[in-house]
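Below is entry16.cif, which holds mmCIF, C-alpha atoms and all ligand atoms.
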data_run
#
loop_
_atom_site.group_PDB
_atom_site.id
_atom_site.type_symbol
_atom_site.label_atom_id
_atom_site.label_comp_id
_atom_site.auth_asym_id
_atom_site.auth_seq_id
_atom_site.Cartn_x
_atom_site.Cartn_y
_atom_site.Cartn_z
ATOM 1 C CA MET A 1 -168.974 163.146 2.507
ATOM 2 C CA GLU A 2 -168.418 161.979 6.098
ATOM 3 C CA GLN A 3 -165.565 163.725 7.926
ATOM 4 C CA ILE A 4 -163.755 161.920 10.737
ATOM 5 C CA ALA A 5 -161.333 163.997 12.791
ATOM 6 C CA PHE A 6 -158.759 162.407 15.086
ATOM 7 C CA ILE A 7 -157.352 164.820 17.672
ATOM 8 C CA THR A 8 -154.407 163.875 19.875
ATOM 9 C CA GLY A 9 -154.149 165.533 23.278
ATOM 10 C CA ALA A 10 -157.859 166.303 23.541
ATOM 11 C CA THR A 11 -158.230 166.116 27.329
ATOM 12 C CA SER A 12 -157.387 169.792 27.741
ATOM 13 C CA GLY A 13 -156.649 173.136 26.106
ATOM 14 C CA ILE A 14 -156.414 173.471 22.330
ATOM 15 C CA GLY A 15 -157.207 169.814 21.616
ATOM 16 C CA LYS A 16 -160.355 169.856 23.724
ATOM 17 C CA ALA A 17 -161.603 173.161 22.252
ATOM 18 C CA THR A 18 -160.949 171.822 18.740
ATOM 19 C CA ALA A 19 -162.851 168.599 19.428
ATOM 20 C CA LEU A 20 -165.845 170.576 20.689
ATOM 21 C CA LEU A 21 -165.838 172.971 17.744
ATOM 22 C CA LEU A 22 -165.386 170.304 15.061
ATOM 23 C CA ALA A 23 -168.162 168.200 16.629
ATOM 24 C CA LYS A 24 -170.444 171.238 16.516
ATOM 25 C CA LYS A 25 -169.630 171.560 12.809
ATOM 26 C CA GLY A 26 -170.639 167.962 12.094
ATOM 27 C CA PHE A 27 -167.314 166.080 12.174
ATOM 28 C CA LYS A 28 -167.255 162.623 13.765
ATOM 29 C CA ILE A 29 -164.608 162.833 16.453
ATOM 30 C CA ILE A 30 -161.894 160.509 17.758
ATOM 31 C CA ILE A 31 -160.308 161.855 20.923
ATOM 32 C CA ASN A 32 -157.006 160.828 22.498
ATOM 33 C CA GLY A 33 -155.097 161.562 25.695
ATOM 34 C CA ARG A 34 -153.609 159.704 28.644
ATOM 35 C CA ARG A 35 -156.138 160.854 31.272
ATOM 36 C CA LYS A 36 -159.057 158.478 30.823
ATOM 37 C CA GLY A 37 -161.409 160.315 33.213
ATOM 38 C CA LEU A 38 -161.024 163.600 31.318
ATOM 39 C CA LEU A 39 -161.558 161.846 27.973
ATOM 40 C CA GLN A 40 -164.764 160.275 29.334
ATOM 41 C CA ARG A 41 -165.958 163.669 30.569
ATOM 42 C CA LEU A 42 -165.257 165.237 27.155
ATOM 43 C CA ALA A 43 -167.016 162.335 25.435
ATOM 44 C CA ARG A 44 -170.167 163.104 27.438
ATOM 45 C CA GLU A 45 -169.944 166.804 26.479
ATOM 46 C CA LEU A 46 -169.472 165.888 22.820
ATOM 47 C CA CYS A 47 -172.467 163.559 22.928
ATOM 48 C CA THR A 48 -174.703 166.287 24.308
ATOM 49 C CA LEU A 49 -173.396 168.808 21.810
ATOM 50 C CA SER A 50 -173.627 166.827 18.605
ATOM 51 C CA ASN A 51 -175.826 163.896 19.466
ATOM 52 C CA SER A 52 -173.124 161.556 18.247
ATOM 53 C CA GLU A 53 -170.790 159.513 20.393
ATOM 54 C CA PRO A 54 -167.048 160.138 19.903
ATOM 55 C CA LEU A 55 -164.492 157.343 19.918
ATOM 56 C CA GLN A 56 -162.088 157.488 22.866
ATOM 57 C CA LEU A 57 -158.509 156.266 22.464
ATOM 58 C CA VAL A 58 -156.487 156.332 25.663
ATOM 59 C CA PHE A 59 -152.805 156.057 24.808
ATOM 60 C CA ASP A 60 -149.493 157.811 25.150
ATOM 61 C CA VAL A 61 -148.254 159.143 21.794
ATOM 62 C CA ARG A 62 -144.682 158.321 22.896
ATOM 63 C CA ASP A 63 -145.473 154.604 22.884
ATOM 64 C CA SER A 64 -145.266 153.379 19.266
ATOM 65 C CA ASP A 65 -146.772 149.967 20.133
ATOM 66 C CA ALA A 66 -149.751 151.593 21.845
ATOM 67 C CA VAL A 67 -150.207 153.980 18.905
ATOM 68 C CA ASN A 68 -150.173 151.136 16.356
ATOM 69 C CA SER A 69 -152.423 148.903 18.387
ATOM 70 C CA ALA A 70 -155.028 151.682 18.846
ATOM 71 C CA ILE A 71 -155.028 152.678 15.178
ATOM 72 C CA ASN A 72 -154.896 149.126 13.799
ATOM 73 C CA SER A 73 -157.888 148.100 15.866
ATOM 74 C CA LEU A 74 -160.162 150.991 14.917
ATOM 75 C CA PRO A 75 -163.737 149.788 14.351
ATOM 76 C CA GLU A 76 -164.723 149.711 10.667
ATOM 77 C CA ALA A 77 -166.908 152.825 10.997
ATOM 78 C CA TRP A 78 -163.932 154.848 12.276
ATOM 79 C CA LYS A 79 -161.149 153.615 9.975
ATOM 80 C CA ASN A 80 -161.383 156.313 7.332
ATOM 81 C CA ILE A 81 -159.958 159.234 9.267
ATOM 82 C CA THR A 82 -160.078 162.314 7.030
ATOM 83 C CA LEU A 83 -158.452 164.842 9.392
ATOM 84 C CA LEU A 84 -155.579 164.179 11.794
ATOM 85 C CA ILE A 85 -154.709 166.924 14.256
ATOM 86 C CA ASN A 86 -151.344 166.231 15.880
ATOM 87 C CA ASN A 87 -151.850 168.438 18.906
ATOM 88 C CA ALA A 88 -150.521 166.423 21.899
ATOM 89 C CA GLY A 89 -147.457 168.211 23.164
ATOM 90 C CA LEU A 90 -145.830 170.022 26.024
ATOM 91 C CA ALA A 91 -143.045 172.174 27.336
ATOM 92 C CA ALA A 92 -141.230 170.952 30.439
ATOM 93 C CA GLY A 93 -138.869 173.269 32.275
ATOM 94 C CA PHE A 94 -137.720 176.829 31.679
ATOM 95 C CA GLU A 95 -133.996 177.046 32.379
ATOM 96 C CA PRO A 96 -130.904 177.842 30.349
ATOM 97 C CA LEU A 97 -129.638 174.741 28.584
ATOM 98 C CA HIS A 98 -126.792 174.063 31.026
ATOM 99 C CA GLU A 99 -129.308 173.809 33.876
ATOM 100 C CA GLY A 100 -131.831 171.701 31.953
ATOM 101 C CA ASP A 101 -133.139 168.331 33.033
ATOM 102 C CA TYR A 102 -132.648 165.200 30.882
ATOM 103 C CA SER A 103 -136.060 163.761 31.696
ATOM 104 C CA ASP A 104 -137.787 167.052 30.702
ATOM 105 C CA TRP A 105 -135.851 167.004 27.421
ATOM 106 C CA ASN A 106 -136.776 163.398 26.689
ATOM 107 C CA ARG A 107 -140.477 164.052 27.405
ATOM 108 C CA MET A 108 -140.542 166.987 24.985
ATOM 109 C CA ILE A 109 -138.590 165.292 22.208
ATOM 110 C CA ASP A 110 -140.498 162.026 22.537
ATOM 111 C CA THR A 111 -143.925 163.694 22.643
ATOM 112 C CA ASN A 112 -143.550 166.708 20.381
ATOM 113 C CA ILE A 113 -141.472 165.098 17.620
ATOM 114 C CA LYS A 114 -141.572 161.317 17.800
ATOM 115 C CA GLY A 115 -145.245 161.329 18.860
ATOM 116 C CA ILE A 116 -146.223 163.157 15.653
ATOM 117 C CA ALA A 117 -144.178 160.750 13.537
ATOM 118 C CA TYR A 118 -145.634 157.643 15.243
ATOM 119 C CA VAL A 119 -149.258 158.777 15.033
ATOM 120 C CA THR A 120 -148.929 160.048 11.474
ATOM 121 C CA LYS A 121 -147.284 156.852 10.237
ATOM 122 C CA ALA A 122 -150.126 154.802 11.730
ATOM 123 C CA VAL A 123 -152.958 157.032 10.476
ATOM 124 C CA VAL A 124 -151.679 158.017 7.038
ATOM 125 C CA LYS A 125 -151.706 154.474 5.607
ATOM 126 C CA GLN A 126 -155.485 154.542 5.284
ATOM 127 C CA MET A 127 -155.384 158.125 3.960
ATOM 128 C CA ILE A 128 -152.951 156.974 1.273
ATOM 129 C CA SER A 129 -155.188 154.134 0.214
ATOM 130 C CA ASN A 130 -158.182 156.521 0.168
ATOM 131 C CA GLN A 131 -156.136 159.133 -1.763
ATOM 132 C CA ARG A 132 -157.635 161.679 0.593
ATOM 133 C CA GLY A 133 -156.726 163.217 3.924
ATOM 134 C CA HIS A 134 -155.584 166.252 5.859
ATOM 135 C CA ILE A 135 -152.958 166.478 8.598
ATOM 136 C CA ILE A 136 -152.562 169.554 10.799
ATOM 137 C CA ASN A 137 -149.601 169.701 13.171
ATOM 138 C CA VAL A 138 -149.720 172.029 16.148
ATOM 139 C CA SER A 139 -146.422 173.895 16.191
ATOM 140 C CA SER A 140 -145.767 177.153 18.067
ATOM 141 C CA ILE A 141 -144.193 180.587 17.813
ATOM 142 C CA ALA A 142 -141.380 178.602 19.476
ATOM 143 C CA GLY A 143 -141.076 176.728 16.170
ATOM 144 C CA LYS A 144 -140.295 179.961 14.368
ATOM 145 C CA GLU A 145 -138.238 181.900 16.898
ATOM 146 C CA ALA A 146 -135.998 181.065 19.822
ATOM 147 C CA TYR A 147 -136.235 182.675 23.250
ATOM 148 C CA PRO A 148 -134.084 182.478 26.371
ATOM 149 C CA ASN A 149 -134.746 179.313 28.418
ATOM 150 C CA GLY A 150 -136.812 177.847 25.554
ATOM 151 C CA ASN A 151 -133.920 175.727 24.192
ATOM 152 C CA VAL A 152 -135.181 172.134 23.840
ATOM 153 C CA TYR A 153 -138.867 173.139 23.579
ATOM 154 C CA CYS A 154 -137.971 175.598 20.778
ATOM 155 C CA ALA A 155 -135.889 172.886 19.092
ATOM 156 C CA SER A 156 -138.782 170.430 19.301
ATOM 157 C CA LYS A 157 -141.210 172.899 17.724
ATOM 158 C CA HIS A 158 -138.669 173.860 15.018
ATOM 159 C CA ALA A 159 -138.620 170.102 14.343
ATOM 160 C CA VAL A 160 -142.417 170.088 14.050
ATOM 161 C CA GLU A 161 -142.116 172.743 11.338
ATOM 162 C CA GLY A 162 -139.463 170.692 9.501
ATOM 163 C CA LEU A 163 -141.472 167.511 9.842
ATOM 164 C CA THR A 164 -144.552 169.296 8.497
ATOM 165 C CA ARG A 165 -142.719 170.506 5.396
ATOM 166 C CA ALA A 166 -141.186 167.075 4.772
ATOM 167 C CA MET A 167 -144.492 165.258 5.314
ATOM 168 C CA ARG A 168 -146.153 167.586 2.813
ATOM 169 C CA LEU A 169 -143.653 166.430 0.176
ATOM 170 C CA ASP A 170 -143.924 162.733 1.094
ATOM 171 C CA PHE A 171 -147.714 162.798 0.839
ATOM 172 C CA LEU A 172 -148.043 165.202 -2.100
ATOM 173 C CA LYS A 173 -148.795 162.502 -4.646
ATOM 174 C CA TYR A 174 -151.526 160.974 -2.477
ATOM 175 C CA ASN A 175 -153.736 164.087 -2.397
ATOM 176 C CA ILE A 176 -153.088 164.530 1.327
ATOM 177 C CA LYS A 177 -152.948 168.073 2.683
ATOM 178 C CA VAL A 178 -150.357 168.840 5.358
ATOM 179 C CA GLY A 179 -150.161 172.080 7.300
ATOM 180 C CA SER A 180 -149.171 173.494 10.638
ATOM 181 C CA ILE A 181 -150.482 176.101 13.006
ATOM 182 C CA ALA A 182 -148.179 178.090 15.249
ATOM 183 C CA PRO A 183 -149.859 179.851 18.155
ATOM 184 C CA GLY A 184 -148.275 182.381 20.471
ATOM 185 C CA MET A 185 -149.304 182.398 24.143
ATOM 186 C CA VAL A 186 -152.510 180.447 24.833
ATOM 187 C CA ASN A 187 -153.962 180.140 28.331
ATOM 188 C CA THR A 188 -154.342 176.374 28.830
ATOM 189 C CA GLU A 189 -152.669 173.851 31.149
ATOM 190 C CA PHE A 190 -149.493 174.454 29.123
ATOM 191 C CA SER A 191 -147.661 176.718 31.600
ATOM 192 C CA THR A 192 -148.718 174.664 34.628
ATOM 193 C CA VAL A 193 -147.195 171.621 32.922
ATOM 194 C CA ARG A 194 -144.088 173.592 31.916
ATOM 195 C CA PHE A 195 -143.543 174.669 35.552
ATOM 196 C CA HIS A 196 -144.161 171.151 36.867
ATOM 197 C CA GLY A 197 -147.501 171.975 38.506
ATOM 198 C CA ASP A 198 -146.603 175.401 39.936
ATOM 199 C CA LYS A 199 -149.879 177.248 39.211
ATOM 200 C CA ASN A 200 -148.720 180.597 40.630
ATOM 201 C CA ARG A 201 -145.747 180.648 38.299
ATOM 202 C CA ALA A 202 -148.031 179.630 35.427
ATOM 203 C CA ASP A 203 -150.474 182.468 36.198
ATOM 204 C CA ASP A 204 -147.606 184.976 36.171
ATOM 205 C CA VAL A 205 -146.987 184.172 32.492
ATOM 206 C CA TYR A 206 -150.287 185.830 31.577
ATOM 207 C CA THR A 207 -150.260 188.700 34.096
ATOM 208 C CA GLY A 208 -151.261 192.062 32.613
ATOM 209 C CA MET A 209 -151.913 190.741 29.113
ATOM 210 C CA GLN A 210 -154.697 188.910 27.289
ATOM 211 C CA PRO A 211 -153.413 185.596 25.917
ATOM 212 C CA LEU A 212 -155.215 183.624 23.229
ATOM 213 C CA LEU A 213 -157.942 181.276 24.370
ATOM 214 C CA ALA A 214 -157.905 177.655 23.262
ATOM 215 C CA GLU A 215 -161.126 178.464 21.379
ATOM 216 C CA ASP A 216 -159.313 181.102 19.283
ATOM 217 C CA VAL A 217 -156.865 178.468 18.064
ATOM 218 C CA ALA A 218 -159.703 175.995 17.485
ATOM 219 C CA GLU A 219 -161.404 178.556 15.200
ATOM 220 C CA ALA A 220 -158.202 178.872 13.165
ATOM 221 C CA ILE A 221 -157.879 175.078 12.923
ATOM 222 C CA LEU A 222 -161.502 174.880 11.760
ATOM 223 C CA PHE A 223 -160.691 177.407 9.023
ATOM 224 C CA MET A 224 -157.714 175.305 7.881
ATOM 225 C CA ALA A 225 -159.832 172.152 7.948
ATOM 226 C CA THR A 226 -162.705 173.530 5.919
ATOM 227 C CA ARG A 227 -160.985 175.001 2.859
ATOM 228 C CA PRO A 228 -162.079 173.572 -0.496
ATOM 229 C CA PRO A 229 -160.246 170.446 -1.772
ATOM 230 C CA HIS A 230 -157.845 172.461 -3.967
ATOM 231 C CA VAL A 231 -156.726 174.778 -1.132
ATOM 232 C CA ASN A 232 -154.180 173.931 1.570
ATOM 233 C CA ILE A 233 -153.106 176.287 4.352
ATOM 234 C CA ASP A 234 -149.427 175.343 4.686
ATOM 235 C CA ASP A 235 -148.716 177.409 7.739
ATOM 236 C CA MET A 236 -150.694 179.670 10.054
ATOM 237 C CA LEU A 237 -149.215 181.939 12.741
ATOM 238 C CA ILE A 238 -151.719 183.152 15.335
ATOM 239 C CA MET A 239 -150.695 185.535 18.109
ATOM 240 C CA PRO A 240 -152.353 187.460 20.920
ATOM 241 C CA THR A 241 -152.631 191.144 19.981
ATOM 242 C CA ALA A 242 -150.427 191.932 22.990
ATOM 243 C CA GLN A 243 -147.614 189.640 21.797
ATOM 244 C CA GLY A 244 -145.384 191.002 19.028
ATOM 245 C CA SER A 245 -142.845 188.174 18.971
ATOM 246 C CA ALA A 246 -141.829 185.249 21.144
ATOM 247 C CA ARG A 247 -140.059 187.758 23.407
ATOM 248 C CA ASP A 248 -142.133 190.941 23.101
ATOM 249 C CA VAL A 249 -145.243 191.072 25.229
ATOM 250 C CA PHE A 250 -147.012 194.310 26.125
ATOM 251 C CA ARG A 251 -148.319 194.169 29.693
ATOM 252 C CA LYS A 252 -150.562 196.816 31.243
HETATM 253 P P1 LIG A 301 -152.488 171.495 27.518
HETATM 254 O O1 LIG A 301 -151.453 171.109 28.517
HETATM 255 O O2 LIG A 301 -153.720 172.164 27.997
HETATM 256 O O3 LIG A 301 -152.892 170.235 26.630
HETATM 257 C C1 LIG A 301 -151.941 169.301 26.199
HETATM 258 C C2 LIG A 301 -152.659 168.059 25.739
HETATM 259 O O4 LIG A 301 -151.675 167.130 25.247
HETATM 260 C C3 LIG A 301 -153.403 167.377 26.870
HETATM 261 O O5 LIG A 301 -154.647 166.932 26.386
HETATM 262 C C4 LIG A 301 -152.521 166.184 27.205
HETATM 263 O O6 LIG A 301 -153.347 165.093 27.614
HETATM 264 C C5 LIG A 301 -151.916 165.866 25.842
HETATM 265 N N1 LIG A 301 -150.672 165.119 25.940
HETATM 266 C C6 LIG A 301 -149.506 165.517 26.480
HETATM 267 N N2 LIG A 301 -148.605 164.519 26.414
HETATM 268 C C7 LIG A 301 -149.237 163.472 25.812
HETATM 269 C C8 LIG A 301 -148.840 162.160 25.456
HETATM 270 N N3 LIG A 301 -147.600 161.735 25.712
HETATM 271 N N4 LIG A 301 -149.733 161.341 24.849
HETATM 272 C C9 LIG A 301 -150.993 161.778 24.583
HETATM 273 N N5 LIG A 301 -151.418 163.019 24.897
HETATM 274 C C10 LIG A 301 -150.552 163.843 25.506
HETATM 275 O O7 LIG A 301 -151.706 172.455 26.485
HETATM 276 P P2 LIG A 301 -152.145 173.124 25.110
HETATM 277 O O8 LIG A 301 -153.538 172.835 24.762
HETATM 278 O O9 LIG A 301 -151.706 174.535 25.200
HETATM 279 O O10 LIG A 301 -151.141 172.377 24.134
HETATM 280 C C11 LIG A 301 -151.542 171.732 22.943
HETATM 281 C C12 LIG A 301 -150.451 171.928 21.907
HETATM 282 O O11 LIG A 301 -150.328 173.318 21.627
HETATM 283 C C13 LIG A 301 -149.062 171.459 22.336
HETATM 284 O O12 LIG A 301 -148.444 170.814 21.235
HETATM 285 C C14 LIG A 301 -148.342 172.761 22.653
HETATM 286 O O13 LIG A 301 -146.952 172.659 22.498
HETATM 287 C C15 LIG A 301 -148.963 173.684 21.645
HETATM 288 N N6 LIG A 301 -148.875 175.099 21.905
HETATM 289 C C16 LIG A 301 -149.344 175.633 23.072
HETATM 290 C C17 LIG A 301 -149.231 176.989 23.286
HETATM 291 C C18 LIG A 301 -149.657 177.623 24.558
HETATM 292 O O14 LIG A 301 -149.206 178.756 24.854
HETATM 293 N N7 LIG A 301 -150.532 176.998 25.345
HETATM 294 C C19 LIG A 301 -148.704 177.878 22.253
HETATM 295 C C20 LIG A 301 -148.234 177.206 21.087
HETATM 296 C C21 LIG A 301 -148.347 175.884 20.918
HETATM 297 P P3 LIG A 301 -153.000 164.026 28.756
HETATM 298 O O15 LIG A 301 -152.210 164.739 29.800
HETATM 299 O O16 LIG A 301 -154.357 163.561 29.208
HETATM 300 O O17 LIG A 301 -152.251 162.954 28.050
HETATM 301 C C1 LIG A 302 -146.047 177.888 23.533
HETATM 302 C C2 LIG A 302 -145.812 179.346 23.320
HETATM 303 O O1 LIG A 302 -144.206 181.249 23.750
HETATM 304 O O2 LIG A 302 -144.616 179.701 25.572
HETATM 305 O O3 LIG A 302 -145.580 177.141 22.487
HETATM 306 O O4 LIG A 302 -143.289 179.041 23.691
HETATM 307 S S1 LIG A 302 -144.408 179.844 24.118
#

Using structure tokens, write down the structure from this file.
Ligand code: NDP
Ligand code: 8X3
Amino acid sequence: MEQIAFITGATSGIGKATALLLAKKGFKIIINGRRKGLLQRLARELCTLSNSEPLQLVFDVRDSDAVNSAINSLPEAWKNITLLINNAGLAAGFEPLHEGDYSDWNRMIDTNIKGIAYVTKAVVKQMISNQRGHIINVSSIAGKEAYPNGNVYCASKHAVEGLTRAMRLDFLKYNIKVGSIAPGMVNTEFSTVRFHGDKNRADDVYTGMQPLLAEDVAEAILFMATRPPHVNIDDMLIMPTAQGSARDVFRK
């Protein structure tokens, strides 16, 4: 049966690697992000890779009107999304709470929590009527543990874990799988975004240790997405070998 995967935040990092891997495995792909040029570039790569054109949806997951309008106007051939990967997300800032910035906090809460709720509400209606679907939320080790200066980011990812568990119960009777994946450190644009574009500071995060690659997380997502119909992976924690907890990293 045809599989259509919708991946939010596919212009970079984990989302992009997942789009490429799922396309290689025969999924039809819908890609989302705010940076249109990067989505177009990925669309060309996907075309070459799988010989099938992906659907590009440029919108901000924080904008509920934009989310609804994009999902409600999906062409007929793309309406029956079978796999939703709620990946769009970010950390902004790395200070103790009393030095934190309101606009950083709002970006994280609006993207990481409300974005998942908006996109899921829009996409799941068709899954419910099909009595079939799978939703994978990208959480983090920061959704399982707290670390100094992580405050609002950790809270937002703890919320992703709570939302995942609650969604699983809401959608249980509709034969819809819901799970989450929680990676440790992954070398993507994540740290550059967290440090507001400071690439040197971002590079320091990974000095002397081997972080996960986006492709490693994509492989784990593929595993979750390809279990038989009676099997759901509720929760997967994936860490670099050199990272023992949110706070313990072995550096050479
Ligand atoms: P990147 O910064 O490389 O990618 C983030 C993606 O999210 C981009 O494609 C970005 O696209 C998209 N995005 C951000 N905000 C929005 C928005 N408002 N609307 C639509 N898309 C948005 O980071 P990662 O690949 O590392 O991050 C992906 C997910 O993985 C995030 O949820 C992150 O919290 C999580 N994660 C990351 C870890 C890491 O160490 N890297 C570890 C654990 C979890 P655009 O800017 O074009 O909109
Ligand atoms: C990203 C991983 O450890 O930087 O979610 O919070 S961490």

Next item on the list: Enumerate residues in contact with ligand LIG 301 (chain A): an atom-to-atom distance of at most 8 Å, counting all atoms listed in the file. Format the result as a ChimeraX atom specification.
Entry: /A:8-16,32-36,38-39,58-63,86-91,107,110-112,115,138-142,157,182-193,212,214

Item checked: Atomic separation - CA of Asp234 in chain A relative to CA of Ile136 in chain A, Å -> 9.0 Å

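The residue that comes closest to Glu145 in chain A, out of A:Arg247, A:Arg41, A:Arg194, A:Lys24 and on the basis of all atoms listed in the file, is A:Arg247.
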
Item checked: Non-local contacts of His230 in chain A (12 Å; all atoms listed in the file; under 2 positions in same chain excluded) as number ranges by chain -> A: 132, 134, 175-177, 226-228, 232-233

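You will find CA of Met108 in chain A at 6.5 Å from CA of Tyr153 in chain A.
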
Next item on the list: Compile the contact shell of Asn72 in chain A as a list in words: residues with an atom at most 8 Å away, counting all atoms listed in the file, same-chain residues fewer than 3 positions apart removed.
Entry: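 That gives Asn68, Ser69 and Ala122 of chain A.
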
Using the file's own x, y and z axes, so that the box edges lie along x, y and z, what centre and edge lengths in Å (one decimal) does a box around every listed atom of range 53-68 of chain A get when 6 Å is added on each side? Give it as JSON.
{"center_x": -157.7, "center_y": 155.1, "center_z": 21.0, "size_x": 38.1, "size_y": 22.2, "size_z": 21.3}
